[in-house]
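Trainee: Just so it is clear, I am handing over query34.cif, which has mmCIF, C-alpha atoms, pLDDT in the B column; chains and numbers go by the auth columns.
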data_query
#
loop_
_atom_site.group_PDB
_atom_site.id
_atom_site.type_symbol
_atom_site.label_atom_id
_atom_site.label_comp_id
_atom_site.label_asym_id
_atom_site.label_seq_id
_atom_site.Cartn_x
_atom_site.Cartn_y
_atom_site.Cartn_z
_atom_site.B_iso_or_equiv
_atom_site.auth_seq_id
_atom_site.auth_asym_id
ATOM 1 C CA MET A 1 -72.249 -43.199 -23.075 47.00 1 J
ATOM 2 C CA VAL A 2 -73.959 -41.123 -25.727 49.00 2 J
ATOM 3 C CA THR A 3 -77.653 -40.544 -25.322 42.00 3 J
ATOM 4 C CA SER A 4 -79.979 -38.614 -27.530 41.00 4 J
ATOM 5 C CA ALA A 5 -83.598 -37.644 -26.978 38.00 5 J
ATOM 6 C CA PHE A 6 -84.408 -37.995 -30.673 45.00 6 J
ATOM 7 C CA VAL A 7 -82.714 -39.820 -33.522 48.00 7 J
ATOM 8 C CA CYS A 8 -83.451 -38.595 -37.033 50.00 8 J
ATOM 9 C CA THR A 9 -84.105 -41.778 -39.033 52.00 9 J
ATOM 10 C CA PRO A 10 -84.737 -41.871 -42.802 51.00 10 J
ATOM 11 C CA ASP A 11 -88.465 -42.610 -42.459 50.00 11 J
ATOM 12 C CA VAL A 12 -89.128 -39.500 -40.346 47.00 12 J
ATOM 13 C CA ALA A 13 -86.471 -37.286 -41.942 45.00 13 J
ATOM 14 C CA SER A 14 -88.907 -35.666 -44.318 38.00 14 J
ATOM 15 C CA LEU A 15 -91.289 -34.835 -41.469 41.00 15 J
ATOM 16 C CA VAL A 16 -88.957 -33.624 -38.747 50.00 16 J
ATOM 17 C CA CYS A 17 -85.438 -32.939 -40.023 56.00 17 J
ATOM 18 C CA GLY A 18 -86.159 -30.488 -42.810 60.00 18 J
ATOM 19 C CA GLY A 19 -86.700 -33.065 -45.529 60.00 19 J
ATOM 20 C CA GLU A 20 -83.211 -34.543 -45.771 71.00 20 J
ATOM 21 C CA PHE A 21 -81.423 -37.246 -43.847 75.00 21 J
ATOM 22 C CA ILE A 22 -78.126 -36.214 -42.263 83.00 22 J
ATOM 23 C CA MET A 23 -75.491 -38.906 -41.737 88.00 23 J
ATOM 24 C CA TYR A 24 -73.964 -39.087 -38.270 92.00 24 J
ATOM 25 C CA ALA A 25 -71.386 -41.144 -36.415 93.00 25 J
ATOM 26 C CA ILE A 26 -70.489 -41.808 -32.800 93.00 26 J
ATOM 27 C CA ILE A 27 -66.751 -41.447 -32.224 93.00 27 J
ATOM 28 C CA GLU A 28 -64.412 -41.636 -29.242 93.00 28 J
ATOM 29 C CA THR A 29 -61.608 -39.226 -28.476 91.00 29 J
ATOM 30 C CA GLY A 30 -60.036 -38.289 -25.169 89.00 30 J
ATOM 31 C CA GLY A 31 -61.986 -40.988 -23.343 91.00 31 J
ATOM 32 C CA LYS A 32 -65.327 -39.424 -24.307 92.00 32 J
ATOM 33 C CA GLN A 33 -67.878 -40.261 -26.968 93.00 33 J
ATOM 34 C CA TYR A 34 -69.355 -37.696 -29.340 94.00 34 J
ATOM 35 C CA ARG A 35 -72.237 -37.844 -31.811 94.00 35 J
ATOM 36 C CA VAL A 36 -70.952 -35.970 -34.856 93.00 36 J
ATOM 37 C CA ARG A 37 -72.339 -34.856 -38.213 93.00 37 J
ATOM 38 C CA LYS A 38 -70.634 -33.175 -41.137 91.00 38 J
ATOM 39 C CA ASP A 39 -69.816 -29.487 -40.461 90.00 39 J
ATOM 40 C CA ASP A 40 -70.295 -29.851 -36.667 92.00 40 J
ATOM 41 C CA VAL A 41 -67.960 -27.593 -34.637 93.00 41 J
ATOM 42 C CA PHE A 42 -67.195 -28.496 -31.022 91.00 42 J
ATOM 43 C CA ASN A 43 -64.440 -28.804 -28.397 92.00 43 J
ATOM 44 C CA VAL A 44 -62.741 -32.104 -27.588 93.00 44 J
ATOM 45 C CA GLU A 45 -60.101 -33.174 -25.107 92.00 45 J
ATOM 46 C CA LYS A 46 -56.492 -32.215 -25.837 90.00 46 J
ATOM 47 C CA LEU A 47 -55.028 -33.457 -29.145 88.00 47 J
ATOM 48 C CA ASP A 48 -51.457 -33.186 -30.393 88.00 48 J
ATOM 49 C CA ALA A 49 -52.358 -31.189 -33.492 88.00 49 J
ATOM 50 C CA LYS A 50 -51.755 -27.656 -34.677 90.00 50 J
ATOM 51 C CA VAL A 51 -54.323 -25.214 -36.002 91.00 51 J
ATOM 52 C CA GLY A 52 -55.228 -26.187 -39.562 91.00 52 J
ATOM 53 C CA ASP A 53 -54.144 -29.822 -39.172 91.00 53 J
ATOM 54 C CA LYS A 54 -56.500 -32.566 -40.238 93.00 54 J
ATOM 55 C CA VAL A 55 -57.197 -35.269 -37.667 92.00 55 J
ATOM 56 C CA VAL A 56 -58.585 -38.728 -38.467 93.00 56 J
ATOM 57 C CA PHE A 57 -60.721 -40.441 -35.818 91.00 57 J
ATOM 58 C CA ASP A 58 -60.830 -44.175 -36.473 89.00 58 J
ATOM 59 C CA LYS A 59 -62.599 -45.172 -33.257 90.00 59 J
ATOM 60 C CA VAL A 60 -66.102 -45.081 -34.732 92.00 60 J
ATOM 61 C CA TYR A 61 -68.644 -46.895 -32.541 92.00 61 J
ATOM 62 C CA ALA A 62 -71.716 -46.436 -34.729 92.00 62 J
ATOM 63 C CA VAL A 63 -72.674 -44.913 -38.057 92.00 63 J
ATOM 64 C CA ASN A 64 -76.091 -44.000 -39.424 90.00 64 J
ATOM 65 C CA ASP A 65 -75.979 -43.482 -43.172 82.00 65 J
ATOM 66 C CA GLY A 66 -79.495 -44.598 -43.943 83.00 66 J
ATOM 67 C CA GLU A 67 -79.056 -47.775 -41.973 85.00 67 J
ATOM 68 C CA ILE A 68 -77.571 -48.038 -38.526 88.00 68 J
ATOM 69 C CA ARG A 69 -74.230 -49.859 -38.229 88.00 69 J
ATOM 70 C CA ILE A 70 -73.008 -50.658 -34.740 90.00 70 J
ATOM 71 C CA GLY A 71 -69.439 -51.844 -34.273 87.00 71 J
ATOM 72 C CA THR A 72 -68.034 -54.564 -32.073 87.00 72 J
ATOM 73 C CA PRO A 73 -66.484 -52.401 -30.628 85.00 73 J
ATOM 74 C CA PHE A 74 -65.697 -50.290 -33.735 90.00 74 J
ATOM 75 C CA VAL A 75 -67.264 -50.130 -37.176 89.00 75 J
ATOM 76 C CA LYS A 76 -64.649 -51.441 -39.608 88.00 76 J
ATOM 77 C CA GLY A 77 -63.595 -49.169 -42.428 87.00 77 J
ATOM 78 C CA TYR A 78 -65.311 -46.014 -41.194 90.00 78 J
ATOM 79 C CA LYS A 79 -63.308 -42.932 -40.319 92.00 79 J
ATOM 80 C CA VAL A 80 -64.180 -39.384 -39.371 92.00 80 J
ATOM 81 C CA VAL A 81 -61.975 -36.557 -40.621 94.00 81 J
ATOM 82 C CA ALA A 82 -61.868 -33.246 -38.761 94.00 82 J
ATOM 83 C CA GLU A 83 -59.887 -30.024 -38.976 94.00 83 J
ATOM 84 C CA VAL A 84 -58.471 -28.215 -35.938 93.00 84 J
ATOM 85 C CA LEU A 85 -59.867 -24.664 -35.960 94.00 85 J
ATOM 86 C CA GLU A 86 -58.209 -23.368 -32.795 93.00 86 J
ATOM 87 C CA GLN A 87 -56.340 -24.431 -29.682 92.00 87 J
ATOM 88 C CA GLY A 88 -57.828 -22.838 -26.593 91.00 88 J
ATOM 89 C CA LYS A 89 -58.221 -23.166 -22.862 92.00 89 J
ATOM 90 C CA ASP A 90 -61.362 -23.590 -20.761 91.00 90 J
ATOM 91 C CA LYS A 91 -62.340 -21.354 -17.874 93.00 91 J
ATOM 92 C CA LYS A 92 -60.076 -21.547 -14.850 95.00 92 J
ATOM 93 C CA ILE A 93 -61.165 -23.874 -12.071 96.00 93 J
ATOM 94 C CA ILE A 94 -59.845 -23.382 -8.566 97.00 94 J
ATOM 95 C CA ILE A 95 -58.520 -26.308 -6.532 96.00 95 J
ATOM 96 C CA PHE A 96 -58.472 -25.431 -2.848 96.00 96 J
ATOM 97 C CA LYS A 97 -57.056 -27.944 -0.371 96.00 97 J
ATOM 98 C CA TYR A 98 -57.723 -27.309 3.277 96.00 98 J
ATOM 99 C CA LYS A 99 -57.376 -29.198 6.546 96.00 99 J
ATOM 100 C CA ALA A 100 -59.275 -27.906 9.531 95.00 100 J
ATOM 101 C CA LYS A 101 -57.302 -26.787 12.592 94.00 101 J
ATOM 102 C CA LYS A 102 -53.948 -27.584 10.961 94.00 102 J
ATOM 103 C CA ASP A 103 -53.113 -24.269 9.267 94.00 103 J
ATOM 104 C CA TYR A 104 -52.949 -26.088 5.913 96.00 104 J
ATOM 105 C CA ARG A 105 -54.309 -24.295 2.863 95.00 105 J
ATOM 106 C CA LYS A 106 -53.248 -24.700 -0.763 96.00 106 J
ATOM 107 C CA LYS A 107 -54.807 -22.881 -3.680 96.00 107 J
ATOM 108 C CA ASN A 108 -54.180 -23.988 -7.227 96.00 108 J
ATOM 109 C CA GLY A 109 -55.767 -23.132 -10.568 96.00 109 J
ATOM 110 C CA HIS A 110 -56.193 -25.204 -13.715 96.00 110 J
ATOM 111 C CA ARG A 111 -57.253 -24.359 -17.274 95.00 111 J
ATOM 112 C CA GLN A 112 -57.993 -27.453 -19.360 92.00 112 J
ATOM 113 C CA PRO A 113 -56.611 -27.150 -22.915 92.00 113 J
ATOM 114 C CA TYR A 114 -58.952 -28.034 -25.754 92.00 114 J
ATOM 115 C CA PRO A 115 -58.891 -27.959 -29.532 93.00 115 J
ATOM 116 C CA LYS A 116 -61.986 -26.729 -31.370 94.00 116 J
ATOM 117 C CA ILE A 117 -62.576 -29.029 -34.342 94.00 117 J
ATOM 118 C CA LYS A 118 -64.846 -29.045 -37.373 95.00 118 J
ATOM 119 C CA ILE A 119 -66.015 -32.338 -38.868 93.00 119 J
ATOM 120 C CA LEU A 120 -65.134 -32.419 -42.566 93.00 120 J
ATOM 121 C CA GLU A 121 -66.058 -35.926 -43.608 91.00 121 J
ATOM 122 C CA ILE A 122 -67.555 -39.189 -42.417 89.00 122 J
ATOM 123 C CA GLY A 123 -66.498 -41.989 -44.706 84.00 123 J
ATOM 124 C CA ASP A 124 -66.338 -45.733 -45.168 76.00 124 J
ATOM 125 C CA GLY A 125 -62.690 -46.052 -46.061 63.00 125 J
ATOM 126 C CA ALA A 126 -63.098 -43.558 -48.920 50.00 126 J
ATOM 127 C CA VAL A 127 -61.534 -40.783 -46.877 51.00 127 J
ATOM 128 C CA SER A 128 -59.998 -38.107 -49.060 48.00 128 J
ATOM 129 C CA GLU A 129 -56.261 -38.384 -49.711 45.00 129 J
ATOM 130 C CA SER A 130 -55.628 -34.885 -48.376 43.00 130 J
ATOM 131 C CA ALA A 131 -56.731 -35.981 -44.913 44.00 131 J
ATOM 132 C CA THR A 132 -54.650 -39.120 -44.657 42.00 132 J
ATOM 133 C CA THR A 133 -50.909 -39.357 -44.673 38.00 133 J
ATOM 134 C CA GLU A 134 -49.254 -41.501 -47.300 36.00 134 J
ATOM 135 C CA GLU A 135 -46.623 -44.041 -46.361 34.00 135 J
ATOM 136 C CA VAL A 136 -43.244 -43.229 -47.836 34.00 136 J
ATOM 137 C CA PRO A 137 -41.154 -46.251 -48.842 39.00 137 J
ATOM 138 C CA VAL A 138 -38.113 -46.592 -46.592 36.00 138 J
ATOM 139 C CA ASN A 139 -35.074 -48.762 -47.192 39.00 139 J
ATOM 140 C CA LYS A 140 -34.688 -51.671 -44.787 39.00 140 J
ATOM 141 C CA GLU A 141 -31.510 -50.402 -43.120 43.00 141 J
ATOM 142 C CA THR A 142 -33.130 -47.264 -41.721 43.00 142 J
ATOM 143 C CA ALA A 143 -36.569 -48.788 -41.124 43.00 143 J
ATOM 144 C CA SER A 144 -35.759 -49.991 -37.618 46.00 144 J
ATOM 145 C CA SER A 145 -34.318 -46.646 -36.519 48.00 145 J
ATOM 146 C CA VAL A 146 -37.242 -44.718 -38.028 43.00 146 J
ATOM 147 C CA ASP A 147 -39.671 -47.100 -36.329 50.00 147 J
ATOM 148 C CA ALA A 148 -37.809 -46.579 -33.032 40.00 148 J
ATOM 149 C CA LYS A 149 -38.041 -42.777 -33.397 47.00 149 J
ATOM 150 C CA VAL A 150 -41.785 -43.026 -33.705 51.00 150 J
ATOM 151 C CA ARG A 151 -42.265 -45.340 -30.752 62.00 151 J
ATOM 152 C CA VAL A 152 -40.035 -43.921 -28.001 77.00 152 J
ATOM 153 C CA SER A 153 -41.228 -41.586 -25.258 75.00 153 J
ATOM 154 C CA MET A 154 -40.393 -40.716 -21.658 78.00 154 J
ATOM 155 C CA SER A 155 -43.501 -42.558 -20.450 78.00 155 J
ATOM 156 C CA MET A 156 -41.967 -45.890 -21.499 81.00 156 J
ATOM 157 C CA LYS A 157 -40.145 -48.112 -19.041 83.00 157 J
ATOM 158 C CA LYS A 158 -36.356 -48.246 -19.167 86.00 158 J
ATOM 159 C CA ASP A 159 -36.400 -51.946 -20.118 86.00 159 J
ATOM 160 C CA GLU A 160 -38.623 -51.191 -23.124 84.00 160 J
ATOM 161 C CA LEU A 161 -36.270 -48.447 -24.273 85.00 161 J
ATOM 162 C CA LEU A 162 -33.257 -50.743 -23.912 87.00 162 J
ATOM 163 C CA SER A 163 -34.963 -53.447 -25.988 86.00 163 J
ATOM 164 C CA ILE A 164 -35.818 -50.916 -28.725 86.00 164 J
ATOM 165 C CA ALA A 165 -32.187 -49.760 -28.758 85.00 165 J
ATOM 166 C CA LYS A 166 -31.023 -53.379 -28.982 85.00 166 J
ATOM 167 C CA GLU A 167 -33.389 -54.051 -31.928 84.00 167 J
ATOM 168 C CA ALA A 168 -31.972 -51.020 -33.728 83.00 168 J
ATOM 169 C CA ASN A 169 -28.386 -52.214 -33.074 85.00 169 J
ATOM 170 C CA ILE A 170 -27.599 -49.207 -30.885 86.00 170 J
ATOM 171 C CA LYS A 171 -25.156 -49.850 -28.043 85.00 171 J
ATOM 172 C CA VAL A 172 -26.364 -48.258 -24.802 85.00 172 J
ATOM 173 C CA SER A 173 -25.168 -48.956 -21.274 85.00 173 J
ATOM 174 C CA SER A 174 -27.746 -50.558 -19.015 83.00 174 J
ATOM 175 C CA LYS A 175 -26.866 -47.903 -16.429 85.00 175 J
ATOM 176 C CA ALA A 176 -27.812 -45.039 -18.791 87.00 176 J
ATOM 177 C CA THR A 177 -30.762 -42.829 -17.903 87.00 177 J
ATOM 178 C CA LYS A 178 -34.007 -42.940 -19.884 85.00 178 J
ATOM 179 C CA GLN A 179 -33.208 -39.606 -21.533 85.00 179 J
ATOM 180 C CA GLU A 180 -29.750 -40.820 -22.616 86.00 180 J
ATOM 181 C CA ILE A 181 -31.316 -43.956 -24.148 86.00 181 J
ATOM 182 C CA ILE A 182 -33.924 -41.905 -26.022 84.00 182 J
ATOM 183 C CA ASP A 183 -31.239 -39.538 -27.318 85.00 183 J
ATOM 184 C CA ALA A 184 -29.167 -42.508 -28.530 86.00 184 J
ATOM 185 C CA ILE A 185 -32.175 -44.027 -30.309 84.00 185 J
ATOM 186 C CA ASN A 186 -33.133 -40.736 -31.953 82.00 186 J
ATOM 187 C CA GLY A 187 -29.519 -40.032 -32.908 77.00 187 J
ATOM 188 C CA THR A 188 -29.284 -36.753 -30.975 71.00 188 J
ATOM 189 C CA ASN A 189 -26.252 -37.825 -28.975 57.00 189 J
#
Translate this structure into structure tokens?

Mentor:
Amino acid sequence: MVTSAFVCTPDVASLVCGGEFIMYAIIETGGKQYRVRKDDVFNVEKLDAKVGDKVVFDKVYAVNDGEIRIGTPFVKGYKVVAEVLEQGKDKKIIIFKYKAKKDYRKKNGHRQPYPKIKILEIGDGAVSESATTEEVPVNKETASSVDAKVRVSMSMKKDELLSIAKEANIKVSSKATKQEIIDAINGTN
């Protein structure tokens, strides 16, 4: 839940916020909500993006662009575009497991990865073309195999992988391992 001690609304913008109203949005990423404005720089939970990549957040809960729009659960048409500035790691935390009188001690460390992002744009569907990826037309024969390449991962159940292979007309033994099925779907046999 995002809370704020003070919200800069248009009627008090000239008195408190330096004379101009600044648009903001509330977005979700990594299971957390963030109140963001243009040119904000902050750390978020791990994203699969490289430094310099543009990331589009489409889970926008609320937008204030002169009037407050609250989504149910998301505001339709609004997107937030950000650029990944760096991929870093947080400070190390120590996990120490211990059981009294049992000679059991385990010490482990963890450094949470995070990307530092900069908000480039908050828009109502008019997100710049450089930030979004264009769909490339694909012929119908390869569409199912391309779609399968996008959807498969090791976290999927074996039955799901077998059904994807069947949809793509790929013959795979039901006794094959998950990795063998994924390789067959991706064509890296």

Trainee: For Leu47 of chain J, list every protein, DNA or RNA residue within 10 Å, evaluated using all atoms listed in the file, and leave out those in the same chain fewer than 6 positions away; present the list as a PyMOL selection string.

Mentor: chain J and resi 29-30+55+84+87+113-116

Trainee: Tell me which protein, DNA and RNA residues are within 8 Å of Gly109 of chain J, counting all atoms listed in the file, leaving out same-chain ones fewer than 5 positions away, and put them as a PyMOL selection string.

Mentor: chain J and resi 92-95

Trainee: So that I can see what lies close to Asn64 of chain J, please list as a list in words the residues with an atom at most 6 Å from it, counting all atoms listed in the file and leaving out residues fewer than 2 positions away in the same chain.

Mentor: Met23, Tyr24, Gly66, Glu67 and Ile68 of chain J

Trainee: I need the residue nearest Lys158 of chain J from this list: J:Ala176, J:Asp90, J:Ile70, J:Ile170. Use all atoms listed in the file for the distance.

Mentor: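 Ranked by minimum distance to Lys158 of chain J, first place goes to J:Ala176.
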
Trainee: If the PyMOL selection byres ((chain J and resi 82) around 10) is run on the structure shown, which residues does it catch, given as a count of residues only?

Mentor: 24

Trainee: Could you pull the residues within 12 Å of Ser163 of chain J, counting only C-alpha atoms, minus those fewer than 6 positions along the same chain, as a PyMOL selection string?

Mentor: chain J and resi 148+151-152+156-157+169-174+181-182+185

Trainee: Nearest residue to Pro73 of chain J out of J:Lys107, J:Gln112, J:Ile27, J:Val44, using only C-alpha atoms?

Mentor: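 Ranking J:Lys107, J:Gln112, J:Ile27, J:Val44 by distance to Pro73 of chain J, first place goes to J:Ile27.
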
Trainee: To one decimal place in Å, what is the distance between atom CA of Gly71 of chain J and atom CA of Glu20 of chain J?

Mentor: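 So the answer is 24.9 Å.
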
Trainee: Name the residues captured by the PyMOL selection byres ((chain J and resi 77) around 7) when it is applied to the shown file; answer as an MDAnalysis selection string.

Mentor: chainID J and resid 75:76 78:79 124:125

Trainee: Have a look at atom CA of Tyr34 of chain J and atom CA of Thr72 of chain J and let me know their distance in Å, one decimal.

Mentor: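 The value is 17.1 Å.
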
Trainee: Tell me which protein, DNA and RNA residues are within 8 Å of Phe96 of chain J, counting only C-alpha atoms, leaving out same-chain ones fewer than 3 positions away, and put them as a PyMOL selection string.

Mentor: chain J and resi 105-108

Trainee: For atom CA of Phe74 of chain J and atom CA of Val60 of chain J, determine how far apart the two atoms are, in Å to one decimal place.

Mentor: 5.3 Å

Trainee: Considering only C-alpha atoms, state which residue in the set J:Ala100, J:Lys178, J:Lys50, J:Gly123 is at the smallest distance from Arg37 of chain J.

Mentor: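 Smallest separation from Arg37 of chain J among the options: J:Gly123.
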